[in-house]
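As provided, final-v8.tsv (TSV, C-alpha atoms) reads as follows.
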chain	number	residue	atom	x	y	z
X	244	MET	CA	-9.34	-4.04	-9.08
X	245	ILE	CA	-7.52	-5.01	-12.27
X	246	LEU	CA	-6.13	-8.53	-11.90
X	247	ASP	CA	-5.30	-11.40	-14.25
X	248	LYS	CA	-6.11	-15.03	-13.51
X	249	ASN	CA	-2.80	-16.07	-15.04
X	250	TRP	CA	-0.81	-14.11	-12.46
X	251	ARG	CA	1.18	-15.58	-9.62
X	252	ILE	CA	0.20	-13.40	-6.67
X	253	LEU	CA	1.75	-12.73	-3.28
X	254	THR	CA	-0.35	-10.94	-0.67
X	255	VAL	CA	1.36	-9.19	2.25
X	256	GLY	CA	0.14	-7.80	5.55
X	257	ASP	CA	-3.25	-9.48	5.16
X	258	GLY	CA	-4.32	-9.23	8.83
X	259	ASP	CA	-6.94	-11.97	9.20
X	260	LEU	CA	-6.22	-13.44	5.73
X	261	SER	CA	-9.77	-12.85	4.55
X	262	PHE	CA	-8.59	-10.98	1.45
X	263	SER	CA	-6.28	-13.83	0.46
X	264	TYR	CA	-9.01	-16.38	1.10
X	265	SER	CA	-11.56	-14.47	-0.95
X	266	LEU	CA	-9.00	-13.99	-3.72
X	267	ALA	CA	-8.27	-17.73	-3.76
X	268	LYS	CA	-11.90	-18.82	-3.58
X	269	TYR	CA	-13.59	-16.36	-5.94
X	270	PHE	CA	-10.81	-15.30	-8.32
X	271	ALA	CA	-8.49	-18.34	-8.34
X	272	PRO	CA	-5.24	-16.94	-9.77
X	273	ALA	CA	-2.64	-19.27	-11.25
X	274	HIS	CA	-0.78	-19.25	-7.94
X	275	LEU	CA	-1.29	-17.54	-4.60
X	276	THR	CA	0.95	-17.21	-1.56
X	277	ALA	CA	-0.39	-15.31	1.44
X	278	SER	CA	1.60	-13.66	4.19
X	279	VAL	CA	0.92	-11.93	7.51
X	280	TYR	CA	2.96	-9.85	9.94
X	281	ASP	CA	1.89	-11.88	12.98
X	282	SER	CA	2.81	-15.41	14.00
X	283	GLU	CA	0.11	-18.05	13.62
X	284	SER	CA	-0.71	-17.92	17.34
X	285	GLU	CA	-0.78	-14.12	17.39
X	286	LEU	CA	-3.03	-14.01	14.34
X	287	LYS	CA	-5.53	-16.49	15.79
X	288	HIS	CA	-5.52	-14.72	19.16
X	289	LYS	CA	-5.97	-11.28	17.62
X	290	TYR	CA	-8.59	-12.26	15.03
X	291	GLN	CA	-11.02	-14.87	16.32
X	292	ASP	CA	-12.59	-15.05	12.86
X	293	ASN	CA	-9.66	-15.68	10.51
X	294	ALA	CA	-8.97	-17.60	7.32
X	295	PHE	CA	-5.69	-19.28	8.24
X	296	ASP	CA	-7.05	-22.84	8.31
X	297	LYS	CA	-9.37	-22.19	5.34
X	298	LEU	CA	-6.40	-21.24	3.18
X	299	HIS	CA	-4.51	-24.36	4.22
X	300	ALA	CA	-7.56	-26.40	3.29
X	301	LEU	CA	-7.35	-24.90	-0.20
X	302	GLY	CA	-3.66	-25.78	-0.41
X	303	ILE	CA	-2.53	-22.16	-0.19
X	304	ASP	CA	0.82	-21.46	1.48
X	305	VAL	CA	0.63	-18.97	4.36
X	306	VAL	CA	3.87	-17.30	5.48
X	307	THR	CA	3.81	-15.87	9.00
X	308	GLN	CA	5.97	-13.24	10.72
X	309	PHE	CA	6.50	-11.53	7.38
X	310	ASP	CA	7.65	-7.91	7.77
X	311	VAL	CA	7.72	-6.15	4.38
X	312	THR	CA	10.45	-3.78	5.58
X	313	GLU	CA	12.91	-6.58	6.44
X	314	ALA	CA	14.91	-8.06	3.56
X	315	HIS	CA	15.39	-11.39	5.34
X	316	CYS	CA	11.62	-11.93	5.54
X	317	TRP	CA	11.38	-11.91	1.76
X	318	GLN	CA	13.62	-14.99	1.77
X	319	LYS	CA	10.62	-16.90	3.15
X	320	VAL	CA	8.88	-16.82	-0.23
X	321	PRO	CA	10.13	-18.14	-3.60
X	322	SER	CA	12.63	-15.74	-5.16
X	323	HIS	CA	11.46	-13.71	-8.18
X	324	ALA	CA	8.49	-16.01	-8.63
X	325	PHE	CA	5.51	-13.60	-8.68
X	326	ASP	CA	3.73	-11.35	-11.15
X	327	ALA	CA	2.05	-9.12	-8.59
X	328	VAL	CA	2.51	-8.36	-4.90
X	329	ILE	CA	-0.54	-6.86	-3.18
X	330	PHE	CA	-0.69	-4.84	0.04
X	331	GLN	CA	-4.27	-4.14	1.14
X	332	PHE	CA	-5.07	-1.05	3.23
X	333	PRO	CA	-1.63	-0.75	4.86
X	334	LEU	CA	-1.17	1.34	7.99
X	335	ILE	CA	1.64	1.36	10.55
X	336	PRO	CA	0.66	-0.23	13.89
X	337	ALA	CA	-0.03	2.00	16.86
X	338	PHE	CA	2.95	2.85	19.07
X	339	ASP	CA	3.18	0.54	22.06
X	340	SER	CA	4.04	3.39	24.46
X	341	LEU	CA	4.24	7.16	24.72
X	342	GLU	CA	8.00	6.83	25.00
X	343	SER	CA	8.34	4.96	21.70
X	344	PHE	CA	6.21	7.63	20.02
X	345	GLN	CA	8.31	10.47	21.46
X	346	ASN	CA	11.55	8.75	20.44
X	347	GLN	CA	10.47	8.51	16.82
X	348	THR	CA	12.13	11.13	14.62
X	349	LEU	CA	9.71	10.79	11.70
X	350	SER	CA	6.09	11.94	11.63
X	351	VAL	CA	3.32	9.34	11.38
X	352	ASN	CA	2.69	10.56	7.84
X	353	SER	CA	6.32	9.91	6.83
X	354	LEU	CA	6.38	6.57	8.64
X	355	ASN	CA	3.45	5.33	6.57
X	356	ARG	CA	5.11	6.50	3.36
X	357	LYS	CA	8.34	4.81	4.42
X	358	LEU	CA	6.48	1.53	4.99
X	359	LEU	CA	4.99	1.61	1.50
X	360	ARG	CA	8.22	2.68	-0.18
X	361	GLU	CA	10.13	-0.18	1.44
X	362	PHE	CA	7.36	-2.57	0.41
X	363	LEU	CA	7.72	-1.55	-3.25
X	364	ILE	CA	11.53	-1.69	-3.11
X	365	ASN	CA	11.60	-5.16	-1.57
X	366	ALA	CA	8.82	-6.55	-3.74
X	367	ALA	CA	10.79	-5.60	-6.86
X	368	ALA	CA	14.12	-6.75	-5.45
X	369	TYR	CA	13.05	-10.14	-4.09
X	370	ALA	CA	9.61	-11.29	-5.22
X	371	LEU	CA	8.71	-10.05	-8.68
X	372	ASP	CA	9.75	-12.10	-11.70
X	373	PRO	CA	11.72	-9.91	-14.18
X	374	ASN	CA	9.98	-11.83	-16.96
X	375	GLY	CA	6.51	-11.48	-15.45
X	376	ALA	CA	3.98	-8.70	-15.02
X	377	GLN	CA	6.19	-6.96	-12.40
X	378	LEU	CA	3.46	-5.13	-10.49
X	379	GLY	CA	3.39	-3.73	-6.98
X	380	ILE	CA	-0.19	-2.96	-5.93
X	381	ILE	CA	-1.33	-0.98	-2.89
X	382	THR	CA	-4.99	-0.54	-2.04
X	383	SER	CA	-5.67	2.43	0.21
X	384	LYS	CA	-8.66	4.40	1.47
X	385	ASP	CA	-9.80	7.53	-0.31
X	386	VAL	CA	-10.07	9.52	2.93
X	387	LYS	CA	-7.73	11.13	5.48
X	388	PRO	CA	-5.07	10.34	6.57
X	389	TYR	CA	-4.45	7.94	3.67
X	390	ILE	CA	-4.88	10.54	0.92
X	391	GLU	CA	-2.24	12.66	2.66
X	392	TRP	CA	0.54	10.24	1.67
X	393	ASN	CA	0.81	11.47	-1.95
X	394	LEU	CA	1.16	7.92	-3.25
X	395	GLU	CA	1.01	8.96	-6.89
X	396	GLY	CA	3.60	11.69	-6.47
X	397	SER	CA	6.74	11.35	-4.37
X	398	LEU	CA	6.50	7.81	-2.96
X	399	VAL	CA	9.01	6.38	-5.43
X	400	ASN	CA	11.18	9.46	-5.93
X	401	GLY	CA	14.68	8.38	-6.90
X	402	LEU	CA	13.66	4.79	-7.62
X	403	GLU	CA	13.49	3.01	-10.95
X	404	GLN	CA	9.82	2.35	-10.34
X	405	TYR	CA	6.91	4.12	-11.94
X	406	TYR	CA	3.36	4.92	-10.91
X	407	LEU	CA	1.18	3.51	-13.70
X	408	GLY	CA	-2.30	4.55	-12.61
X	409	GLN	CA	-5.11	3.37	-10.40
X	410	SER	CA	-8.47	1.64	-10.31
X	411	ARG	CA	-11.44	1.78	-8.00
X	412	PHE	CA	-11.41	-0.98	-5.40
X	413	GLU	CA	-14.81	-2.64	-5.15
X	414	ILE	CA	-15.02	-4.91	-2.11
X	415	SER	CA	-17.96	-6.73	-3.73
X	416	GLN	CA	-15.33	-8.43	-5.95
X	417	PHE	CA	-14.20	-10.29	-2.82
X	418	PRO	CA	-17.36	-11.50	-1.02
X	419	GLU	CA	-15.72	-12.83	2.17
X	420	TYR	CA	-13.16	-10.06	2.58
X	421	GLN	CA	-13.52	-8.05	5.79
X	422	ILE	CA	-11.34	-4.99	6.29
X	423	ARG	CA	-9.83	-5.14	9.76
X	424	ASN	CA	-8.36	-2.76	12.27
X	425	VAL	CA	-4.57	-3.14	12.08
X	426	ASP	CA	-4.16	-3.87	15.80
X	427	ARG	CA	-7.31	-5.51	17.10
X	428	ASP	CA	-10.27	-7.75	16.31
X	429	LYS	CA	-12.55	-5.06	14.92
X	430	HIS	CA	-14.06	-4.66	11.48
X	431	VAL	CA	-13.47	-1.34	9.75
X	432	LYS	CA	-16.33	0.41	7.99
X	433	ASP	CA	-16.19	-0.17	4.25
X	434	THR	CA	-15.06	3.12	2.73
X	435	SER	CA	-14.17	3.83	-0.87
X	436	GLY	CA	-10.81	2.41	-1.80
X	437	ILE	CA	-8.34	2.83	-4.63
X	438	SER	CA	-5.80	0.31	-5.92
X	439	TYR	CA	-2.55	1.97	-7.04
X	440	TYR	CA	-0.16	0.24	-9.45
X	441	TRP	CA	3.63	0.53	-9.83
X	442	SER	CA	6.17	-1.23	-12.03
X	443	VAL	CA	9.80	-0.99	-13.15
X	444	ASN	CA	8.31	-0.88	-16.67
X	445	PRO	CA	7.00	2.66	-17.34
X	446	ALA	CA	5.27	1.52	-20.54
X	447	HIS	CA	3.41	-1.40	-18.93
X	448	ALA	CA	0.42	-2.61	-20.97
X	449	ILE	CA	-1.88	-2.47	-17.94
X	450	LYS	CA	-1.82	1.33	-18.14
X	451	GLU	CA	-4.56	1.10	-20.78
X	452	LYS	CA	-6.91	-0.27	-18.12
X	453	LEU	CA	-5.94	2.14	-15.37
X	454	LYS	CA	-6.93	5.71	-14.69
X	455	VAL	CA	-4.56	8.62	-14.05
X	456	PRO	CA	-6.55	11.16	-12.00
X	457	ASP	CA	-7.11	14.70	-13.21
X	458	TYR	CA	-5.44	16.17	-10.13
X	459	LEU	CA	-2.05	15.03	-11.48
X	460	GLY	CA	-2.47	17.39	-14.42
X	461	ASP	CA	-1.75	21.03	-14.98
X	462	ASP	CA	-3.61	23.70	-12.98
X	463	TYR	CA	-3.96	21.38	-9.98
X	464	CYS	CA	-2.19	21.06	-6.64
X	465	THR	CA	-1.15	17.40	-6.69
X	466	VAL	CA	-0.34	17.02	-3.01
X	467	CYS	CA	-3.75	18.44	-2.01
X	468	ARG	CA	-5.71	16.95	-4.91
X	469	ALA	CA	-7.14	20.45	-5.42
X	470	GLY	CA	-8.15	22.24	-8.61
X	471	PRO	CA	-8.38	22.94	-11.41
X	472	PHE	CA	-7.54	26.54	-10.65
X	473	ILE	CA	-9.48	29.07	-12.67
X	474	ASN	CA	-6.75	31.71	-12.58
X	475	ASP	CA	-3.62	32.78	-10.68
X	476	ARG	CA	-5.72	34.37	-7.96
X	477	ASP	CA	-7.55	31.11	-7.39
X	478	LYS	CA	-4.24	29.22	-7.21
X	479	LEU	CA	-2.65	31.72	-4.81
X	480	ALA	CA	-5.68	31.48	-2.52
X	481	HIS	CA	-5.21	27.71	-2.33
X	482	LEU	CA	-1.46	28.00	-1.72
X	483	SER	CA	-2.22	30.30	1.21
X	484	SER	CA	-4.81	27.98	2.69
X	485	LYS	CA	-4.43	26.00	5.92
X	486	LYS	CA	-5.00	22.75	4.04
X	487	HIS	CA	-2.15	23.38	1.61
X	488	LYS	CA	0.28	24.49	4.30
X	489	ASN	CA	-0.45	21.35	6.29
X	490	MET	CA	0.04	19.12	3.25
X	491	GLN	CA	3.21	20.99	2.30
X	492	ARG	CA	4.62	20.29	5.76
X	493	HIS	CA	4.00	16.56	5.21
X	494	GLU	CA	5.58	16.70	1.76
X	495	SER	CA	8.61	18.71	2.89
X	496	ALA	CA	9.25	16.33	5.80
X	497	TRP	CA	9.09	13.34	3.46
X	498	LEU	CA	11.39	14.87	0.85
X	499	SER	CA	13.83	15.82	3.62
X	500	TYR	CA	13.85	12.19	4.79
X	501	LEU	CA	14.53	10.95	1.25
X	502	SER	CA	17.35	13.45	0.85
X	503	THR	CA	18.93	12.31	4.11
X	504	GLN	CA	18.66	8.66	3.08
X	505	GLU	CA	20.26	9.38	-0.27
X	506	LYS	CA	23.24	11.02	1.43
X	507	LEU	CA	23.63	8.09	3.82
X	508	GLU	CA	23.63	5.61	0.94
X	509	ARG	CA	26.41	7.39	-0.96

As C-alpha coordinates, what does this structure read like?
Amino acid sequence: MILDKNWRILTVGDGDLSFSYSLAKYFAPAHLTASVYDSESELKHKYQDNAFDKLHALGIDVVTQFDVTEAHCWQKVPSHAFDAVIFQFPLIPAFDSLESFQNQTLSVNSLNRKLLREFLINAAAYALDPNGAQLGIITSKDVKPYIEWNLEGSLVNGLEQYYLGQSRFEISQFPEYQIRNVDRDKHVKDTSGISYYWSVNPAHAIKEKLKVPDYLGDDYCTVCRAGPFINDRDKLAHLSSKKHKNMQRHESAWLSYLSTQEKLER
(Lines of atoms letter the chains of each structure in order from A and count residues from 1; the text may use other names and numbers.)
(Lines give C-alpha, C1' and ligand atoms only; values in the text may rest on other atoms or scores of the structure.)
Protein backbone atom coordinates (compact mmCIF):
# COMPACT_ATOMS: atom_id res chain seq x y z
CA MET A 1 0.00 0.00 0.00
CA ILE A 2 1.56 3.26 -1.15
CA LEU A 3 1.23 5.85 1.63
CA ASP A 4 3.16 8.92 2.74
CA LYS A 5 3.91 9.74 6.37
CA ASN A 6 3.31 13.42 5.64
CA TRP A 7 -0.30 12.80 4.64
CA ARG A 8 -3.34 13.73 6.65
CA ILE A 9 -5.50 10.62 6.44
CA LEU A 10 -9.18 9.93 7.02
CA THR A 11 -10.31 6.31 7.27
CA VAL A 12 -13.97 5.44 6.68
CA GLY A 13 -16.07 2.36 7.36
CA ASP A 14 -13.35 0.81 9.51
CA GLY A 15 -15.57 -1.77 11.29
CA ASP A 16 -13.66 -2.57 14.48
CA LEU A 17 -11.11 0.25 13.93
CA SER A 18 -8.20 -2.18 13.84
CA PHE A 19 -6.95 -0.80 10.52
CA SER A 20 -6.95 2.76 11.84
CA TYR A 21 -5.22 1.66 15.03
CA SER A 22 -2.54 -0.26 13.16
CA LEU A 23 -2.07 2.68 10.79
CA ALA A 24 -1.64 5.05 13.73
CA LYS A 25 0.66 2.78 15.71
CA TYR A 26 2.92 1.37 13.01
CA PHE A 27 2.83 4.01 10.26
CA ALA A 28 2.13 7.24 12.19
CA PRO A 29 0.95 9.64 9.48
CA ALA A 30 1.03 13.39 10.06
CA HIS A 31 -2.63 13.28 11.06
CA LEU A 32 -5.26 10.57 11.29
CA THR A 33 -9.01 10.73 11.81
CA ALA A 34 -10.92 7.45 11.95
CA SER A 35 -14.60 6.91 11.29
CA VAL A 36 -17.11 4.06 11.53
CA TYR A 37 -20.67 3.49 10.34
CA ASP A 38 -21.90 2.32 13.76
CA SER A 39 -22.45 4.26 16.96
CA GLU A 40 -19.93 3.68 19.75
CA SER A 41 -22.31 1.33 21.58
CA GLU A 42 -23.16 -0.58 18.40
CA LEU A 43 -19.50 -0.95 17.52
CA LYS A 44 -18.54 -2.27 20.95
CA HIS A 45 -21.52 -4.64 21.00
CA LYS A 46 -20.84 -5.95 17.51
CA TYR A 47 -17.06 -6.28 17.86
CA GLN A 48 -15.99 -7.42 21.31
CA ASP A 49 -12.36 -6.96 20.29
CA ASN A 50 -12.19 -3.40 18.95
CA ALA A 51 -9.73 -0.51 18.92
CA PHE A 52 -12.03 2.35 19.88
CA ASP A 53 -10.47 3.02 23.28
CA LYS A 54 -6.95 2.30 21.99
CA LEU A 55 -7.29 5.04 19.39
CA HIS A 56 -8.54 7.50 21.99
CA ALA A 57 -5.52 6.62 24.12
CA LEU A 58 -3.32 7.63 21.18
CA GLY A 59 -5.19 10.91 20.83
CA ILE A 60 -6.85 9.90 17.56
CA ASP A 61 -10.30 11.33 16.84
CA VAL A 62 -12.95 8.68 16.12
CA VAL A 63 -16.13 9.80 14.35
CA THR A 64 -19.12 7.48 14.77
CA GLN A 65 -22.32 7.05 12.76
CA PHE A 66 -20.48 8.12 9.63
CA ASP A 67 -22.27 7.05 6.44
CA VAL A 68 -20.12 7.77 3.37
CA THR A 69 -23.22 8.13 1.18
CA GLU A 70 -24.73 10.95 3.27
CA ALA A 71 -23.40 14.46 2.67
CA HIS A 72 -24.31 15.64 6.17
CA CYS A 73 -22.06 12.98 7.74
CA TRP A 74 -19.03 14.49 6.04
CA GLN A 75 -19.70 17.66 8.04
CA LYS A 76 -18.52 15.71 11.11
CA VAL A 77 -14.89 15.89 9.95
CA PRO A 78 -12.78 18.98 9.17
CA SER A 79 -13.63 20.40 5.75
CA HIS A 80 -11.07 19.89 2.96
CA ALA A 81 -8.42 18.97 5.50
CA PHE A 82 -7.12 15.60 4.24
CA ASP A 83 -4.66 14.28 1.68
CA ALA A 84 -6.10 10.79 1.44
CA VAL A 85 -9.37 9.11 2.37
CA ILE A 86 -9.19 5.32 2.72
CA PHE A 87 -12.02 2.78 2.54
CA GLN A 88 -10.86 -0.74 3.42
CA PHE A 89 -12.67 -3.78 1.99
CA PRO A 90 -16.06 -2.08 1.55
CA LEU A 91 -19.20 -4.15 1.11
CA ILE A 92 -22.86 -3.20 1.51
CA PRO A 93 -24.47 -4.67 4.66
CA ALA A 94 -26.82 -7.60 4.33
CA PHE A 95 -30.50 -6.78 3.83
CA ASP A 96 -32.41 -6.82 7.09
CA SER A 97 -35.40 -8.64 5.56
CA LEU A 98 -36.57 -10.43 2.44
CA GLU A 99 -38.98 -7.58 1.83
CA SER A 100 -36.24 -4.94 1.80
CA PHE A 101 -34.27 -7.08 -0.66
CA GLN A 102 -37.28 -7.52 -2.96
CA ASN A 103 -38.07 -3.81 -2.86
CA GLN A 104 -34.58 -2.87 -4.03
CA THR A 105 -34.49 -1.91 -7.71
CA LEU A 106 -30.72 -2.24 -8.11
CA SER A 107 -28.74 -5.48 -8.13
CA VAL A 108 -26.30 -6.19 -5.30
CA ASN A 109 -23.48 -5.66 -7.80
CA SER A 110 -24.76 -2.17 -8.70
CA LEU A 111 -25.43 -1.32 -5.05
CA ASN A 112 -21.79 -1.99 -4.17
CA ARG A 113 -20.60 0.13 -7.09
CA LYS A 114 -22.98 2.90 -6.04
CA LEU A 115 -21.56 2.84 -2.50
CA LEU A 116 -18.01 3.25 -3.77
CA ARG A 117 -18.91 5.91 -6.33
CA GLU A 118 -20.66 8.00 -3.69
CA PHE A 119 -17.67 7.55 -1.39
CA LEU A 120 -15.31 8.97 -4.03
CA ILE A 121 -17.69 11.82 -4.89
CA ASN A 122 -18.13 12.88 -1.26
CA ALA A 123 -14.48 12.44 -0.33
CA ALA A 124 -13.49 14.86 -3.10
CA ALA A 125 -16.33 17.28 -2.38
CA TYR A 126 -15.96 17.52 1.39
CA ALA A 127 -12.76 16.00 2.78
CA LEU A 128 -9.85 16.28 0.38
CA ASP A 129 -7.70 19.41 0.44
CA PRO A 130 -7.48 20.93 -3.08
CA ASN A 131 -3.88 21.82 -2.28
CA GLY A 132 -3.02 18.36 -0.93
CA ALA A 133 -2.45 14.92 -2.40
CA GLN A 134 -6.17 14.56 -3.27
CA LEU A 135 -6.40 10.76 -3.19
CA GLY A 136 -9.35 8.46 -2.74
CA ILE A 137 -8.17 4.92 -1.93
CA ILE A 138 -10.25 1.74 -1.90
CA THR A 139 -8.80 -1.60 -0.89
CA SER A 140 -10.77 -4.56 -2.18
CA LYS A 141 -10.37 -8.32 -2.46
CA ASP A 142 -9.02 -9.90 -5.61
CA VAL A 143 -11.79 -12.53 -5.73
CA LYS A 144 -15.52 -12.70 -6.55
CA PRO A 145 -17.77 -10.80 -6.09
CA TYR A 146 -15.39 -7.88 -5.57
CA ILE A 147 -13.61 -8.22 -8.92
CA GLU A 148 -17.01 -8.05 -10.62
CA TRP A 149 -17.39 -4.34 -9.79
CA ASN A 150 -15.06 -3.11 -12.57
CA LEU A 151 -13.48 -0.55 -10.26
CA GLU A 152 -10.84 0.47 -12.78
CA GLY A 153 -13.33 0.90 -15.59
CA SER A 154 -16.75 2.48 -15.19
CA LEU A 155 -16.90 3.38 -11.48
CA VAL A 156 -16.20 7.07 -12.09
CA ASN A 157 -17.81 7.43 -15.51
CA GLY A 158 -18.95 11.01 -15.99
CA LEU A 159 -16.98 12.31 -13.01
CA GLU A 160 -13.92 14.54 -13.00
CA GLN A 161 -12.03 11.84 -11.17
CA TYR A 162 -9.44 9.52 -12.62
CA TYR A 163 -8.26 6.00 -11.86
CA LEU A 164 -4.50 6.31 -11.36
CA GLY A 165 -3.47 2.70 -10.79
CA GLN A 166 -3.20 0.17 -8.02
CA SER A 167 -0.85 -1.55 -5.60
CA ARG A 168 -0.86 -4.88 -3.85
CA PHE A 169 -2.25 -4.69 -0.33
CA GLU A 170 -0.02 -6.55 2.11
CA ILE A 171 -1.71 -6.97 5.48
CA SER A 172 1.71 -7.56 7.06
CA GLN A 173 2.20 -3.78 6.77
CA PHE A 174 -0.45 -3.42 9.48
CA PRO A 175 0.34 -6.02 12.19
CA GLU A 176 -2.79 -5.58 14.34
CA TYR A 177 -5.26 -5.18 11.49
CA GLN A 178 -7.96 -7.87 11.38
CA ILE A 179 -10.34 -7.94 8.42
CA ARG A 180 -13.87 -8.30 9.74
CA ASN A 181 -17.22 -9.48 8.49
CA VAL A 182 -19.27 -6.37 7.70
CA ASP A 183 -22.20 -7.38 9.92
CA ARG A 184 -20.93 -9.52 12.76
CA ASP A 185 -18.04 -10.31 15.09
CA LYS A 186 -16.20 -12.70 12.79
CA HIS A 187 -12.75 -12.48 11.28
CA VAL A 188 -12.52 -12.87 7.52
CA LYS A 189 -9.85 -15.07 6.00
CA ASP A 190 -6.94 -13.01 4.72
CA THR A 191 -7.19 -13.07 0.94
CA SER A 192 -5.13 -11.13 -1.56
CA GLY A 193 -6.13 -7.50 -1.70
CA ILE A 194 -5.55 -4.58 -4.03
CA SER A 195 -5.53 -0.88 -3.18
CA TYR A 196 -7.00 1.26 -5.98
CA TYR A 197 -6.22 4.97 -6.27
CA TRP A 198 -8.28 7.85 -7.72
CA SER A 199 -7.73 11.60 -7.94
CA VAL A 200 -9.12 14.70 -9.63
CA ASN A 201 -5.55 15.11 -10.95
CA PRO A 202 -5.04 12.71 -13.90
CA ALA A 203 -1.29 13.40 -13.94
CA HIS A 204 -0.74 12.71 -10.22
CA ALA A 205 2.89 11.97 -9.33
CA ILE A 206 1.93 8.81 -7.43
CA LYS A 207 1.20 7.11 -10.75
CA GLU A 208 4.92 6.35 -11.04
CA LYS A 209 4.61 4.06 -8.01
CA LEU A 210 1.38 2.37 -9.04
CA LYS A 211 0.65 -0.41 -11.48
CA VAL A 212 -1.91 -0.33 -14.29
CA PRO A 213 -2.86 -3.97 -14.95
CA ASP A 214 -2.39 -5.56 -18.35
CA TYR A 215 -6.08 -6.41 -18.63
CA LEU A 216 -6.84 -2.71 -19.19
CA GLY A 217 -4.85 -2.85 -22.43
CA ASP A 218 -5.69 -3.83 -25.97
CA ASP A 219 -6.69 -7.41 -26.79
CA TYR A 220 -8.25 -7.89 -23.36
CA CYS A 221 -11.81 -7.91 -22.02
CA THR A 222 -11.57 -5.33 -19.23
CA VAL A 223 -14.80 -6.20 -17.44
CA CYS A 224 -13.82 -9.89 -17.25
CA ARG A 225 -10.08 -9.34 -16.80
CA ALA A 226 -9.62 -11.88 -19.60
CA GLY A 227 -6.97 -12.07 -22.32
CA PRO A 228 -4.84 -11.32 -24.14
CA PHE A 229 -6.74 -12.79 -27.06
CA ILE A 230 -4.59 -14.56 -29.60
CA ASN A 231 -6.90 -13.84 -32.53
CA ASP A 232 -10.48 -12.86 -33.41
CA ARG A 233 -11.65 -16.43 -32.93
CA ASP A 234 -10.26 -16.48 -29.42
CA LYS A 235 -11.96 -13.16 -28.63
CA LEU A 236 -15.32 -14.25 -30.06
CA ALA A 237 -15.19 -17.44 -27.99
CA HIS A 238 -14.78 -15.34 -24.85
CA LEU A 239 -17.57 -12.95 -25.81
CA SER A 240 -19.87 -15.94 -26.21
CA SER A 241 -18.92 -17.43 -22.86
CA LYS A 242 -21.18 -17.63 -19.81
CA LYS A 243 -18.66 -15.64 -17.76
CA HIS A 244 -18.67 -12.72 -20.19
CA LYS A 245 -22.44 -12.65 -20.55
CA ASN A 246 -22.81 -12.56 -16.78
CA MET A 247 -20.29 -9.74 -16.43
CA GLN A 248 -21.89 -7.85 -19.31
CA ARG A 249 -25.24 -8.00 -17.50
CA HIS A 250 -23.60 -6.42 -14.43
CA GLU A 251 -21.95 -3.74 -16.57
CA SER A 252 -25.09 -2.95 -18.57
CA ALA A 253 -27.17 -2.63 -15.39
CA TRP A 254 -24.61 -0.25 -13.90
CA LEU A 255 -24.35 1.91 -17.02
CA SER A 256 -28.15 2.03 -17.20
CA TYR A 257 -28.25 3.28 -13.60
CA LEU A 258 -25.67 5.99 -14.37
CA SER A 259 -27.62 7.07 -17.43
CA THR A 260 -30.81 7.34 -15.39
CA GLN A 261 -29.04 9.38 -12.70
CA GLU A 262 -27.61 11.73 -15.30
CA LYS A 263 -31.08 12.40 -16.70
CA LEU A 264 -32.48 13.05 -13.23
CA GLU A 265 -29.72 15.55 -12.46
CA ARG A 266 -30.34 17.62 -15.59

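Close contacts of X:Val328, defined as residues with an atom at most 9 Å away when counting all atoms listed in the file, with chain neighbours fewer than 4 positions off set aside, comprise Arg251, Ile252, Leu253, Thr254, Val255, Leu363, Ala366, Ala367, Ala370, Leu371, Gln377, Leu378, Gly379, Ile380 and Ile381 of chain X.
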
Neighbours of point (2.2, 2.3, 0.7) within 12 Å, using all atoms listed in the file, written as a ChimeraX atom specification:
/X:255-256,311-312,329-335,352-364,366,379-384,389-399,406,437-441

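Proximity to X:Glu494 was assessed for X:Tyr280, X:Asn400, X:Ala273, X:Tyr369 counting all atoms listed in the file; the smallest distance is recorded for X:Asn400.
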
Coordinates-based distance that separates atom CA of X:Leu402 from atom CA of X:Val443 (Å, one decimal)
8.9 Å

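Shortest atom-to-atom contact with X:His274 among X:Gln404, X:Ser261, X:Gln504, X:Asn249: X:Asn249, counting all atoms listed in the file.
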
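Using all atoms listed in the file for every distance, the candidate list X:Ala267, X:Gly460, X:Gly258, X:Ser495 yields X:Gly258 as the residue closest to X:Lys287.
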
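Separating atom CA of X:Asp461 from atom CA of X:Ser410 is a distance of 21.0 Å.
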
In Å, how far is it from atom CA of X:Asp477 to atom CA of X:Ser499?
28.5 Å

Could you give me, as JSON, numbers by chain, the residues that have an atom at most 10 Å away from the point (11.2, -15.7, -10.7) in the coordinates of the file, using only C-alpha atoms?
{"X": [321, 322, 323, 324, 325, 326, 369, 370, 371, 372, 373, 374, 375]}

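The smallest atom-to-atom distance between X:Trp317 and any of X:Leu298, X:Thr503, X:Ala368, X:Ser350, using only C-alpha atoms, is found for X:Ala368.
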
Nearest candidate to X:Asp296 (options X:Tyr264, X:Tyr463, X:Phe412, X:Tyr405; using all atoms listed in the file):
X:Tyr264

Counting all atoms listed in the file, the residue of X:Ser278, X:Ser265, X:Thr307, X:Thr348 that sits nearest X:Tyr500:
X:Thr348
